[in-house]
Amino acid sequence: MSSNAEKFSQWAEAELGLCNARIEKKLAGGNSNLTQLVVHDAGQFVIRSAPANTISPKAHLGVQREATFMGALAGHAPVPKVLCWCEDTEILGYPFAAIEFINGVAITDTLPASYDTVEAVNQLGLQLASALGEIACAPWQDIGLAEMGRPENFLRRQIERWLQVRESQPTRDLPEIARLGQWLLDNLPEDGPVGIFHGDYHLDNTLCHPERPELLAVIDWEMGTIGDPLADLGLLLMFWGPRSVTPPGFAHVQAATRKEGVIGRRELVKAWEKTSGITPRHLEFYLCFAFWRLAAIVEGAYGLYLEGKVDTDYARGLEYDVPALLKEAALAAAGEW
């Protein structure tokens, strides 16, 4: 047994009461942080840590943020149980979170064969919306999240930030970024709710039951903050079901929901409202914001591709994806959603 493996086993027994714990393998899922499966005498859990090739000394803060949000939301929304946060780099060489293992599947473009039907998609959609409603109404100030964000002017700061970034780092002629950004500023809701904002909420960032259409847990919380929870609803809706542009930008995300007969976005809104107790208003704004914000963010990766700094299918695909997202943003602003 290597030194780190022995230290980890001893740590797990001392901190968690679990004997003979060892890291068995890396797991798929999650686009930025590393997930590894741990087995022990009584079962399994996972550890989450910053990517192995990271060079930033602050890279672990995203994992710590994720663990903070999931730990706080236990009992309020479907999230994995956080067993422990370990800051001690003497154990594995990096900080990590020990998280409950959930035997679920991450769904992107296809459903598990055991429930590959439109009815299953509809059930998952309603569960997604309801779970997001539970997150939106969670008492964030009372569960240890009061210091995890700055809700004041949340939307304005997001819009102004990405307008400034795109202006200072031009890549190509995309006048819709500035035009729609100004539309968003001109139409900022004055009465938006305040609550937990996941930041990347869609089916792909959940775990579902492998045998039946059941949402088990919402994962990938590293971008969690306190802001306007309707922005998460806009993100869920933007990727749901048939899209207005063919092919849509980021066609892979929630692709499993683009089936004939799938329930519409407004049905998801009703489920969210029923669970959250919040009356959703200005949804054309929030859908436009979701499409526009994603386009403004990922255009930076396309700029790296143009500069020859990256050359991946993802980066090359942004030549089409970003303008397509902006087209859907414009349609949403016009009330076509």
# chains A, B, ... in the order shown; residues from 1 in each chain; ligands from 1
call {"tool": "closest_atom_pairs", "arguments": {"of": "stretch 242-295 of chain A", "to": "stretch 165-184 of chain A", "cutoff": "8 Å", "atoms": "only C-alpha atoms", "output": "JSON lines"}}
result
{"residue": "A:Phe285", "atom": "CA", "partner": "A:Leu184", "partner_atom": "CA", "distance": 6.8}
{"residue": "A:Cys288", "atom": "CA", "partner": "A:Leu184", "partner_atom": "CA", "distance": 7.8}
{"residue": "A:Phe289", "atom": "CA", "partner": "A:Leu184", "partner_atom": "CA", "distance": 7.0}
{"residue": "A:Trp292", "atom": "CA", "partner": "A:Ile177", "partner_atom": "CA", "distance": 7.1}
call {"tool": "residues_around", "arguments": {"residues": "A:Val38", "least_positions_apart": "5", "cutoff": "12 Å", "atoms": "only C-alpha atoms", "output": "count of residues only"}}
result
25
call {"tool": "closest_atom_pairs", "arguments": {"of": "stretch 179-298 of chain A", "to": "stretch 76-85 of chain A", "cutoff": "7 Å", "atoms": "only C-alpha atoms", "output": "Markdown table"}}
result
| residue | atom | partner | partner_atom | distance |
| --- | --- | --- | --- | --- |
| A:Leu216 | CA | A:Pro78 | CA | 6.4 |
| A:Ala217 | CA | A:Val79 | CA | 4.6 |
| A:Val218 | CA | A:Val79 | CA | 5.2 |
| A:Ile219 | CA | A:Val79 | CA | 6.7 |
call {"tool": "select_by_dssp", "arguments": {"residues": "stretch 121-301 of chain A", "states": "strand (DSSP E)", "output": "list in words"}}
result
Gly195, Ile196, Phe197, Thr206, Leu207, Cys208, Leu215, Leu216, Ala217, Val218, Thr225, Ile226 and Gly227 of chain A
call {"tool": "write_last_selection", "arguments": {"atoms": "N, CA, C and O atoms", "output": "PDB file, in the first residue's frame"}}
result
ATOM      1  N   GLY A 195     -32.664  33.839  -3.893  1.00  0.00           N
ATOM      2  CA  GLY A 195     -32.547  32.468  -3.410  1.00  0.00           C
ATOM      3  C   GLY A 195     -31.297  31.810  -3.957  1.00  0.00           C
ATOM      4  O   GLY A 195     -30.415  32.458  -4.520  1.00  0.00           O
ATOM      5  N   ILE A 196     -31.239  30.505  -3.823  1.00  0.00           N
ATOM      6  CA  ILE A 196     -30.086  29.728  -4.270  1.00  0.00           C
ATOM      7  C   ILE A 196     -30.095  29.619  -5.793  1.00  0.00           C
ATOM      8  O   ILE A 196     -31.114  29.348  -6.413  1.00  0.00           O
ATOM      9  N   PHE A 197     -28.929  29.835  -6.379  1.00  0.00           N
ATOM     10  CA  PHE A 197     -28.732  29.762  -7.832  1.00  0.00           C
ATOM     11  C   PHE A 197     -27.677  28.693  -8.098  1.00  0.00           C
ATOM     12  O   PHE A 197     -26.527  28.827  -7.688  1.00  0.00           O
ATOM     13  N   THR A 206     -27.661  16.012 -13.245  1.00  0.00           N
ATOM     14  CA  THR A 206     -28.372  15.278 -12.207  1.00  0.00           C
ATOM     15  C   THR A 206     -28.005  13.800 -12.333  1.00  0.00           C
ATOM     16  O   THR A 206     -27.424  13.361 -13.337  1.00  0.00           O
ATOM     17  N   LEU A 207     -28.354  13.045 -11.318  1.00  0.00           N
ATOM     18  CA  LEU A 207     -28.253  11.588 -11.374  1.00  0.00           C
ATOM     19  C   LEU A 207     -29.665  11.026 -11.296  1.00  0.00           C
ATOM     20  O   LEU A 207     -30.446  11.427 -10.427  1.00  0.00           O
ATOM     21  N   CYS A 208     -29.978  10.105 -12.203  1.00  0.00           N
ATOM     22  CA  CYS A 208     -31.301   9.506 -12.259  1.00  0.00           C
ATOM     23  C   CYS A 208     -31.208   8.001 -12.039  1.00  0.00           C
ATOM     24  O   CYS A 208     -30.158   7.387 -12.245  1.00  0.00           O
ATOM     25  N   LEU A 215     -35.627  11.099 -10.544  1.00  0.00           N
ATOM     26  CA  LEU A 215     -34.501  11.980 -10.246  1.00  0.00           C
ATOM     27  C   LEU A 215     -33.975  11.661  -8.851  1.00  0.00           C
ATOM     28  O   LEU A 215     -34.723  11.719  -7.872  1.00  0.00           O
ATOM     29  N   LEU A 216     -32.705  11.306  -8.753  1.00  0.00           N
ATOM     30  CA  LEU A 216     -32.124  10.937  -7.470  1.00  0.00           C
ATOM     31  C   LEU A 216     -31.376  12.087  -6.804  1.00  0.00           C
ATOM     32  O   LEU A 216     -31.454  12.247  -5.589  1.00  0.00           O
ATOM     33  N   ALA A 217     -30.638  12.879  -7.586  1.00  0.00           N
ATOM     34  CA  ALA A 217     -29.825  13.931  -6.978  1.00  0.00           C
ATOM     35  C   ALA A 217     -29.425  14.982  -7.991  1.00  0.00           C
ATOM     36  O   ALA A 217     -29.201  14.676  -9.168  1.00  0.00           O
ATOM     37  N   VAL A 218     -29.319  16.211  -7.522  1.00  0.00           N
ATOM     38  CA  VAL A 218     -28.769  17.314  -8.302  1.00  0.00           C
ATOM     39  C   VAL A 218     -27.303  17.452  -7.929  1.00  0.00           C
ATOM     40  O   VAL A 218     -26.962  17.558  -6.743  1.00  0.00           O
ATOM     41  N   THR A 225     -24.399  29.883  -5.941  1.00  0.00           N
ATOM     42  CA  THR A 225     -24.290  31.176  -5.268  1.00  0.00           C
ATOM     43  C   THR A 225     -25.688  31.586  -4.820  1.00  0.00           C
ATOM     44  O   THR A 225     -26.652  30.840  -4.969  1.00  0.00           O
ATOM     45  N   ILE A 226     -25.785  32.779  -4.254  1.00  0.00           N
ATOM     46  CA  ILE A 226     -27.087  33.339  -3.913  1.00  0.00           C
ATOM     47  C   ILE A 226     -27.398  34.425  -4.930  1.00  0.00           C
ATOM     48  O   ILE A 226     -26.622  35.358  -5.124  1.00  0.00           O
ATOM     49  N   GLY A 227     -28.514  34.270  -5.595  1.00  0.00           N
ATOM     50  CA  GLY A 227     -28.873  35.209  -6.646  1.00  0.00           C
ATOM     51  C   GLY A 227     -30.361  35.156  -6.920  1.00  0.00           C
ATOM     52  O   GLY A 227     -31.168  35.115  -5.995  1.00  0.00           O
TER      53      GLY A 227
END
call {"tool": "residues_around", "arguments": {"residues": "A:Tyr115", "least_positions_apart": "2", "cutoff": "8 Å", "atoms": "only C-alpha atoms", "output": "ChimeraX atom specification"}}
result
/A:111-113,117,120,211-213
call {"tool": "residues_around", "arguments": {"residues": "stretch 135-143 of chain A", "least_positions_apart": "2", "cutoff": "10 Å", "atoms": "only C-alpha atoms", "output": "ChimeraX atom specification"}}
result
/A:69,71-79,129-133,145-148,193-198,218,226-230,232-233,272-273,275-278
call {"tool": "atom_distance", "arguments": {"atom1": "atom CA of A:Glu87", "atom2": "atom CA of A:Trp11"}}
result
12.0 Å
call {"tool": "select_by_dssp", "arguments": {"residues": "stretch 118-319 of chain A", "states": "helix (DSSP H, G or I)", "output": "MDAnalysis selection string"}}
result
chainID A and resid 118:136 154:168 175:186 203:205 230:238 255:257 265:276 283:306 313:319
call {"tool": "closest_residue", "arguments": {"among": "A:Val298, A:Gly249, A:Gln36, A:Lys270", "to": "A:Pro323", "atoms": "only C-alpha atoms"}}
result
A:Gly249
call {"tool": "atom_distance", "arguments": {"atom1": "atom CA of A:Glu328", "atom2": "atom CA of A:Arg243"}}
result
8.2 Å
call {"tool": "closest_residue", "arguments": {"among": "A:Leu61, A:Leu185, A:Ala324, A:Val121", "to": "A:Ala255", "atoms": "only C-alpha atoms"}}
result
A:Val121
call {"tool": "closest_residue", "arguments": {"among": "A:Gly264, A:Ser244, A:Val269, A:Leu306", "to": "A:Ala329", "atoms": "only C-alpha atoms"}}
result
A:Ser244
call {"tool": "closest_residue", "arguments": {"among": "A:Glu134, A:Arg293, A:Glu119, A:Phe239", "to": "A:Ile263", "atoms": "only C-alpha atoms"}}
result
A:Glu119
